[in-house]
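Visitor: First, the structure itself, so that you have it in front of you.
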Amino acid sequence: MVLYDYILSPSCYKARLMAALAGVTLVLRAVDFHPGAEHRGPDLMSLNPAGSIPILVDGDLVLTESSAILVYLAAHAAPAFLGPGDPATSARIQQWLAFSARLTASLGGARLHEMLHRPGAVDTLRASGVTALRELEAALFEQRLKAEPFLTGPTPTIADIACFPYVALAPDGGVSLDAYPSIRLWMRAVRALEGFIEMPGIHRLHELKPDPHETPETVEA
Ligand SMILES: N[C@@H](CCC(=O)N[C@@H](CS)C(=O)NCC(=O)O)C(=O)O
């Protein structure tokens, strides 16, 4: 399988992360996203007229949209990441995949503004990102009450992989994660998964506030 990839793209990282967790080896085809805008050139536009990456090619199959790529990789090699298959969980996973598009537009938009000087109303993007983070925090808090560390249950699914990158990289766009203890615990759970791989910027999780499990006394000590 060939992934048209850009190392600093959180959307491409979703595919790389899912492949790593599933034990799938991808052939990475580096795209000159910036400054070359190769994804908008004729060769890549013929693969994805939407002009975005990632693009996954497996033989005759050309897949665009990171959520579709996650489904494919999981179905191929790690079906547990598609959830247990009951109607409610399957629907919840779809809900989070749709939610992840809001993260891309808001937190991802702010990040592009800050990192690549893309035009845009960055305050509005950040505000939309904070709204989404508050929803995520509330949902993950509910999960903690059920002692379930992941978005849709006790084990990770493509819902977690779809949401993780843009959340973890929110500080790149000027949106702090300090106020969201349930999100920080969830990020630690994702990072702890066997096969987890980094992307540049994700290491900043180490710089975040102390583990929410720690008491103030132990933090000070
Ligand atoms: N809905 C797409 C969005 C992916 C996306 O936003 N990719 C970015 C790179 S991280 C991109 O190609 N943007 C095109 C551009 O900004 O010119 C998906 O989930 O695959």
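Please note that chains go A, B, ... in the order of the structure tokens, that every chain numbers its residues from 1, and that ligands are numbered from 1 in the order shown.
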Could you pull out the helix (DSSP H, G or I) residues of chain A from DSSP and send them as number ranges by chain?
Guide: A: 10-22, 38-40, 42-47, 66-77, 79-82, 87-116, 122-145, 158-168, 170-173, 181-191, 202-207, 216-220
Visitor: Name the residues in contact with Leu8 of chain A at a cut-off of 8 Å, using only C-alpha atoms, excluding same-chain residues fewer than 2 positions from it; report them as a CSV table (one decimal) with C-alpha atoms, in the first residue's frame.
Guide:
chain,number,residue,atom,x,y,z
A,6,TYR,CA,3.4,14.7,4.3
A,10,PRO,CA,-2.1,15.4,11.0
A,13,TYR,CA,-0.5,10.9,10.5
A,199,MET,CA,4.8,12.7,14.6
A,200,PRO,CA,6.7,15.9,15.0
Visitor: Residues up to 9 Å from ligand 1, counting only C-alpha atoms and all ligand atoms: could you list those as number ranges by chain?
Guide: A: 5-6, 8-14, 33-34, 37, 39-40, 50-55, 64-69, 100-101, 104-105, 108-109, 112, 118, 162
Visitor: Those residues you just picked out, can you put them in a file as a PDB file, in the first residue's frame with C-alpha atoms?
Guide:
ATOM      1  CA  ASP A   5       2.091  11.539   2.756  1.00  0.00           C
ATOM      2  CA  TYR A   6       3.385  14.744   4.299  1.00  0.00           C
ATOM      3  CA  LEU A   8       3.695  17.406   9.188  1.00  0.00           C
ATOM      4  CA  SER A   9       0.128  16.579   8.136  1.00  0.00           C
ATOM      5  CA  PRO A  10      -2.058  15.394  11.026  1.00  0.00           C
ATOM      6  CA  SER A  11      -4.455  13.827   8.515  1.00  0.00           C
ATOM      7  CA  CYS A  12      -1.633  11.769   6.999  1.00  0.00           C
ATOM      8  CA  TYR A  13      -0.459  10.902  10.504  1.00  0.00           C
ATOM      9  CA  LYS A  14      -3.869   9.333  11.176  1.00  0.00           C
ATOM     10  CA  PHE A  33       2.776  19.931   0.428  1.00  0.00           C
ATOM     11  CA  HIS A  34       4.642  23.086   1.412  1.00  0.00           C
ATOM     12  CA  ALA A  37       1.609  22.514  -3.192  1.00  0.00           C
ATOM     13  CA  HIS A  39      -1.229  18.005  -3.803  1.00  0.00           C
ATOM     14  CA  ARG A  40      -2.849  20.589  -6.079  1.00  0.00           C
ATOM     15  CA  ALA A  50     -10.442  17.416  -3.810  1.00  0.00           C
ATOM     16  CA  GLY A  51      -6.748  18.388  -3.692  1.00  0.00           C
ATOM     17  CA  SER A  52      -6.042  16.987  -0.245  1.00  0.00           C
ATOM     18  CA  ILE A  53      -3.860  14.328   1.306  1.00  0.00           C
ATOM     19  CA  PRO A  54      -3.696  11.597   2.548  1.00  0.00           C
ATOM     20  CA  ILE A  55      -4.312   9.365  -0.460  1.00  0.00           C
ATOM     21  CA  THR A  64      -9.122   9.535  -0.260  1.00  0.00           C
ATOM     22  CA  GLU A  65     -10.496  10.902   3.028  1.00  0.00           C
ATOM     23  CA  SER A  66      -8.621   9.910   6.146  1.00  0.00           C
ATOM     24  CA  SER A  67     -11.690   8.340   7.777  1.00  0.00           C
ATOM     25  CA  ALA A  68     -12.153   5.999   4.809  1.00  0.00           C
ATOM     26  CA  ILE A  69      -8.462   5.126   4.933  1.00  0.00           C
ATOM     27  CA  SER A 100     -13.075  14.684  13.643  1.00  0.00           C
ATOM     28  CA  ALA A 101     -13.815  16.768  10.530  1.00  0.00           C
ATOM     29  CA  THR A 104      -9.619  19.405  11.166  1.00  0.00           C
ATOM     30  CA  ALA A 105     -11.481  22.570  10.172  1.00  0.00           C
ATOM     31  CA  GLY A 108      -6.249  22.277  11.950  1.00  0.00           C
ATOM     32  CA  GLY A 109      -7.182  25.611  10.399  1.00  0.00           C
ATOM     33  CA  LEU A 112      -2.175  26.079   9.265  1.00  0.00           C
ATOM     34  CA  ARG A 118      -2.533  30.630   5.752  1.00  0.00           C
ATOM     35  CA  ALA A 162      -9.374  10.009  13.864  1.00  0.00           C
TER      36      ALA A 162
END
Visitor: Name all residues at most 8 Å from Leu169 of chain A (count only C-alpha atoms; drop same-chain ones fewer than 6 positions away) and give them as a list in words.
Guide: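 The residues that qualify are Pro10, Arg111, Gly201 and Ile202 of chain A.
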Visitor: Counting only C-alpha atoms, what is within 8 Å of segment 191-196 of chain A, bar same-chain residues fewer than 6 positions away, as a ChimeraX atom specification?
Guide: /A:17,20-23
Visitor: With a distance cut-off of 8 Å and only C-alpha atoms, select the neighbouring residues of Ala132 of chain A, excluding the residue or stretch itself and same-chain residues fewer than 3 positions from it, and output the selection as a list in words.
Guide: Arg102, Leu103, Ser128, Gly129, Glu135 and Leu136 of chain A
Visitor: Can you pull out every residue within 10 Å of Leu151 of chain A, counting only C-alpha atoms, but drop anything in the same chain fewer than 3 positions away, and send it as a VMD selection string?
Guide: chain A and resid 89 92 to 93 96 136 139 to 144 148 154 to 161 163 186
Visitor: Okay, now the selection with N, CA and C atoms, as an mmCIF file, in the first residue's frame?
Guide:
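To be explicit, this is the file written out as out29.cif:
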data_model
loop_
_atom_site.group_PDB
_atom_site.id
_atom_site.type_symbol
_atom_site.label_atom_id
_atom_site.label_comp_id
_atom_site.auth_asym_id
_atom_site.auth_seq_id
_atom_site.Cartn_x
_atom_site.Cartn_y
_atom_site.Cartn_z
ATOM 1 N N THR A 89 -22.469 1.141 19.227
ATOM 2 C CA THR A 89 -21.046 1.494 19.136
ATOM 3 C C THR A 89 -20.667 1.831 17.696
ATOM 4 N N ARG A 92 -21.819 5.299 17.128
ATOM 5 C CA ARG A 92 -20.980 6.243 17.876
ATOM 6 C C ARG A 92 -19.649 6.480 17.158
ATOM 7 N N ILE A 93 -19.079 5.411 16.618
ATOM 8 C CA ILE A 93 -17.811 5.567 15.884
ATOM 9 C C ILE A 93 -18.024 6.518 14.706
ATOM 10 N N TRP A 96 -18.083 10.087 15.870
ATOM 11 C CA TRP A 96 -16.759 10.665 16.154
ATOM 12 C C TRP A 96 -15.968 10.901 14.878
ATOM 13 N N LEU A 136 -15.531 17.269 23.534
ATOM 14 C CA LEU A 136 -14.708 16.060 23.681
ATOM 15 C C LEU A 136 -14.393 15.796 25.151
ATOM 16 N N ALA A 139 -17.405 14.339 26.873
ATOM 17 C CA ALA A 139 -17.638 12.936 26.492
ATOM 18 C C ALA A 139 -16.614 12.015 27.148
ATOM 19 N N LEU A 140 -15.357 12.466 27.195
ATOM 20 C CA LEU A 140 -14.319 11.622 27.788
ATOM 21 C C LEU A 140 -14.456 11.562 29.302
ATOM 22 N N PHE A 141 -14.988 12.619 29.901
ATOM 23 C CA PHE A 141 -15.264 12.575 31.344
ATOM 24 C C PHE A 141 -16.321 11.503 31.630
ATOM 25 N N GLU A 142 -17.361 11.481 30.803
ATOM 26 C CA GLU A 142 -18.397 10.431 30.942
ATOM 27 C C GLU A 142 -17.761 9.044 30.803
ATOM 28 N N GLN A 143 -16.847 8.918 29.878
ATOM 29 C CA GLN A 143 -16.182 7.625 29.701
ATOM 30 C C GLN A 143 -15.370 7.249 30.938
ATOM 31 N N ARG A 144 -14.719 8.254 31.538
ATOM 32 C CA ARG A 144 -13.946 7.979 32.760
ATOM 33 C C ARG A 144 -14.854 7.468 33.870
ATOM 34 N N GLU A 148 -13.889 3.660 31.225
ATOM 35 C CA GLU A 148 -13.548 3.311 29.840
ATOM 36 C C GLU A 148 -12.622 4.404 29.295
ATOM 37 N N PRO A 154 -13.976 0.389 26.165
ATOM 38 C CA PRO A 154 -12.744 0.070 26.885
ATOM 39 C C PRO A 154 -11.538 -0.113 25.982
ATOM 40 N N THR A 155 -11.764 -0.287 24.708
ATOM 41 C CA THR A 155 -10.636 -0.489 23.791
ATOM 42 C C THR A 155 -10.674 0.578 22.693
ATOM 43 N N PRO A 156 -9.525 0.863 22.083
ATOM 44 C CA PRO A 156 -9.471 1.933 21.074
ATOM 45 C C PRO A 156 -10.123 1.510 19.763
ATOM 46 N N THR A 157 -10.659 2.507 19.085
ATOM 47 C CA THR A 157 -11.207 2.269 17.747
ATOM 48 C C THR A 157 -10.690 3.366 16.813
ATOM 49 N N ILE A 158 -11.121 3.274 15.563
ATOM 50 C CA ILE A 158 -10.738 4.313 14.600
ATOM 51 C C ILE A 158 -11.264 5.681 15.029
ATOM 52 N N ALA A 159 -12.263 5.723 15.891
ATOM 53 C CA ALA A 159 -12.757 7.011 16.395
ATOM 54 C C ALA A 159 -11.641 7.733 17.143
ATOM 55 N N ASP A 160 -10.916 7.004 17.982
ATOM 56 C CA ASP A 160 -9.817 7.609 18.739
ATOM 57 C C ASP A 160 -8.695 8.048 17.798
ATOM 58 N N ILE A 161 -8.402 7.219 16.823
ATOM 59 C CA ILE A 161 -7.288 7.544 15.911
ATOM 60 C C ILE A 161 -7.662 8.754 15.059
ATOM 61 N N CYS A 163 -9.559 11.272 15.930
ATOM 62 C CA CYS A 163 -9.613 12.520 16.714
ATOM 63 C C CYS A 163 -8.267 12.902 17.329
ATOM 64 N N TRP A 186 -6.842 10.718 28.118
ATOM 65 C CA TRP A 186 -7.123 9.950 26.888
ATOM 66 C C TRP A 186 -5.891 9.958 25.959
#
Visitor: My list of candidates is A:Asp60, A:Glu114, A:Glu137, A:Asp172. Which is closest to Leu185 of chain A when distances are computed with only C-alpha atoms?
Guide: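 Distance minimum relative to Leu185 of chain A lands on A:Glu137.
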Visitor: Go ahead and compute the interatomic distance for atom CA of Ala170 of chain A and atom CA of Thr131 of chain A, in Å to one decimal.
Guide: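 It comes out at 12.7 Å.
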Visitor: Residues within 6 Å of Leu56 of chain A, please, as JSON, numbers by chain. Count only C-alpha atoms; anything in the same chain fewer than 4 positions from it doesn't count.
Guide: {"A": [2, 3, 62, 63]}
Visitor: Let me make sure I understand: among A:Thr25, A:Gly41, A:Leu73, A:Ser182, which one has the smallest atom-to-atom distance to Leu145 of chain A if we use only C-alpha atoms?
Guide: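 Closest candidate: A:Ser182.
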